[in-house]
Amino acid sequence: MADENENCRSMYAIIYNGDVSPAYTVKVVTEDAETGKRINGSEIYMNITDSSTGDLIKVEPKTSASAQNGTTSVTGNLGIDGEMYTDEQLNAEDSNAPIIVEKGLTYIDNIDFEGTFEIELSETKAANGYVFGDQHTDGNIKIQATYVPQLDDDPTVNFTVVDNDGFNIIVDNVNRTITIKILNESRVTFDITTMQYGTDKADKDGNINIKYISGASYDITAEIQTATENIETDVNTTTPLSDKDGKTTGNVGKSFAGKTVIYTLHQHVPSAFKAVDDIKIEVKYDSKGYIKYYEILTSENNVSIDTEKNQKEEILF
């Protein structure tokens, strides 16, 4: 008897393979609200849950730099090796950091969940030189992930932002990433130490006995310097009284990217001391808002800037 399929011109086969999941990544990046530059050192809390049950979604990260779901992590520099690096590690003289592929981010990768999920997001601490200001830094985001099967390829995923809760969210279905931007405002800080004149110098026996002044404060104002004139800004702040170690801090708001600014400090001291003349300091900011140059314009007899400790948006003197 002839095989009933002997005239068949086609073949039907069922091939079973392991399920391939279109696992995806949720990234959070922090940026300067004015310049858009990425910010490292921001502390970010992420908690991703199933919207229907409220249960934490179980995630087994694929890369070592990935944060754990339901924890706080810090934005940094992602190396091509999949490791996260701080600015200090990159700038060290003996640094062996690899090529950096992205800055100012933290992320959770290998999320394998189809359906609607919620991201509880909160920036718990701003990086040095930054404040939350008027920016939106915490909330609850809702996103739907739909897996799409493909006949000749791995399944893909389509994202639908159900509720962005005021955040700027970028979805990339091709690369299976969700990127959430958090903006911060830059803050320039004057860290000031007030001491009695000459007590930071060694006496005839080589001893140094610094006498700090408590109860001193400073009014700080600023003008933007142009080629033809100085333009007043809204910077007008008074520092707290200095402590027993003569220390006080003046927060003078955002940096002025690409500008030259003249800061004026007017001193108030206890009656036992004589106030110094107004101190004027010229500060030049680069296009990203970092301090690239500073100079004392008034007499340097009674003031100095600590260049060893000076950081990108701090002035210590």
# chains A, B, ... in the order shown; residues from 1 in each chain; ligands from 1

$ select_by_dssp --residues "region 110-290 of chain A" --states "strand (DSSP E)" --output "MDAnalysis selection string"
chainID A and resid 110:111 115:125 130:131 138:148 156:163 168:172 177:186 189:193 217:225 230:238 247:251 260:268 279:285

$ write_last_selection --atoms "C-alpha atoms" --output "compact mmCIF listing (two decimals), in the first residue's frame"
# COMPACT_ATOMS: atom_id res chain seq x y z
CA ASN A 110 16.68 42.03 33.09
CA ILE A 111 13.10 42.86 34.09
CA GLY A 115 1.58 43.65 32.10
CA THR A 116 1.14 46.96 33.85
CA PHE A 117 3.71 47.86 36.47
CA GLU A 118 4.36 50.82 38.74
CA ILE A 119 7.68 52.48 39.49
CA GLU A 120 7.89 54.20 42.85
CA LEU A 121 10.70 56.67 42.25
CA SER A 122 12.39 59.07 44.63
CA GLU A 123 15.62 61.02 44.59
CA THR A 124 16.60 60.77 48.25
CA LYS A 125 19.74 62.91 48.07
CA TYR A 130 22.97 70.43 43.50
CA VAL A 131 19.58 70.81 45.15
CA ASP A 138 9.63 61.76 43.38
CA GLY A 139 6.41 60.10 42.31
CA ASN A 140 4.73 56.98 40.97
CA ILE A 141 4.93 56.05 37.30
CA LYS A 142 2.72 53.49 35.61
CA ILE A 143 3.79 51.67 32.42
CA GLN A 144 2.32 48.77 30.45
CA ALA A 145 4.68 46.24 28.84
CA THR A 146 3.23 44.05 26.08
CA TYR A 147 5.25 41.17 24.67
CA VAL A 148 4.99 40.79 20.89
CA THR A 156 9.89 42.06 21.34
CA VAL A 157 8.18 44.39 23.78
CA ASN A 158 5.99 47.44 23.33
CA PHE A 159 5.80 50.03 26.12
CA THR A 160 2.83 52.28 26.83
CA VAL A 161 3.20 55.05 29.40
CA VAL A 162 -0.07 54.94 31.33
CA ASP A 163 0.87 57.69 33.82
CA ASN A 168 10.06 63.05 31.24
CA ILE A 169 10.03 59.41 30.11
CA ILE A 170 11.63 58.02 26.96
CA VAL A 171 10.66 54.51 25.81
CA ASP A 172 12.74 52.56 23.31
CA THR A 177 14.75 50.43 27.62
CA ILE A 178 12.70 52.91 29.61
CA THR A 179 14.60 56.07 30.58
CA ILE A 180 13.31 58.44 33.26
CA LYS A 181 14.89 61.87 33.65
CA ILE A 182 15.16 63.69 36.98
CA LEU A 183 16.28 67.31 36.89
CA ASN A 184 18.26 69.06 39.63
CA GLU A 185 19.30 72.67 40.07
CA SER A 186 22.93 73.62 40.54
CA THR A 189 28.31 77.21 47.97
CA PHE A 190 30.69 79.44 49.89
CA ASP A 191 32.27 77.57 52.81
CA ILE A 192 33.73 80.30 55.00
CA THR A 193 36.04 80.08 58.00
CA SER A 217 28.05 86.27 59.23
CA TYR A 218 28.21 87.43 55.61
CA ASP A 219 25.81 89.10 53.19
CA ILE A 220 26.49 87.75 49.70
CA THR A 221 25.35 89.40 46.46
CA ALA A 222 26.36 88.88 42.83
CA GLU A 223 26.62 90.69 39.51
CA ILE A 224 27.15 89.25 36.04
CA GLN A 225 30.10 90.90 34.33
CA ASN A 230 27.82 94.65 35.47
CA ILE A 231 24.26 93.30 35.68
CA GLU A 232 22.68 92.69 39.07
CA THR A 233 21.35 89.21 39.81
CA ASP A 234 18.78 87.99 42.33
CA VAL A 235 21.54 86.54 44.52
CA ASN A 236 21.09 88.10 47.96
CA THR A 237 21.69 85.82 50.90
CA THR A 238 22.99 86.03 54.46
CA LYS A 247 32.69 77.98 60.06
CA THR A 248 29.58 79.03 58.17
CA THR A 249 28.13 78.31 54.75
CA GLY A 250 26.50 80.55 52.17
CA ASN A 251 24.31 78.92 49.53
CA THR A 260 31.66 85.69 34.64
CA VAL A 261 30.21 86.63 38.02
CA ILE A 262 31.46 89.05 40.68
CA TYR A 263 30.42 87.96 44.17
CA THR A 264 30.53 90.52 47.00
CA LEU A 265 30.76 89.42 50.64
CA HIS A 266 29.96 91.96 53.34
CA GLN A 267 31.11 90.83 56.79
CA HIS A 268 29.37 91.21 60.17
CA ILE A 279 35.43 91.06 49.67
CA LYS A 280 34.97 90.75 45.90
CA ILE A 281 35.60 87.46 44.13
CA GLU A 282 35.49 86.92 40.36
CA VAL A 283 34.24 83.51 39.29
CA LYS A 284 34.17 82.26 35.69
CA TYR A 285 31.87 79.36 34.83

$ residues_around --residues "Glu43 (chain A)" --least-positions-apart "2" --cutoff "7 Å" --atoms "only C-alpha atoms" --output "VMD selection string"
chain A and resid 41 45 72 to 75 123 to 126

$ closest_residue --among "A:Lys288, A:Arg38, A:Lys204, A:Lys27" --to "Asn69 (chain A)" --atoms "only C-alpha atoms"
A:Lys27

$ atom_distance --atom1 "CA of Tyr197 (chain A)" --atom2 "CA of Tyr294 (chain A)"
22.9 Å

$ closest_residue --among "A:Leu241, A:Val29, A:Ile210, A:Val59" --to "Thr137 (chain A)" --atoms "only C-alpha atoms"
A:Val29

$ atom_distance --atom1 "CA of Asp203 (chain A)" --atom2 "CA of Asp278 (chain A)"
28.5 Å
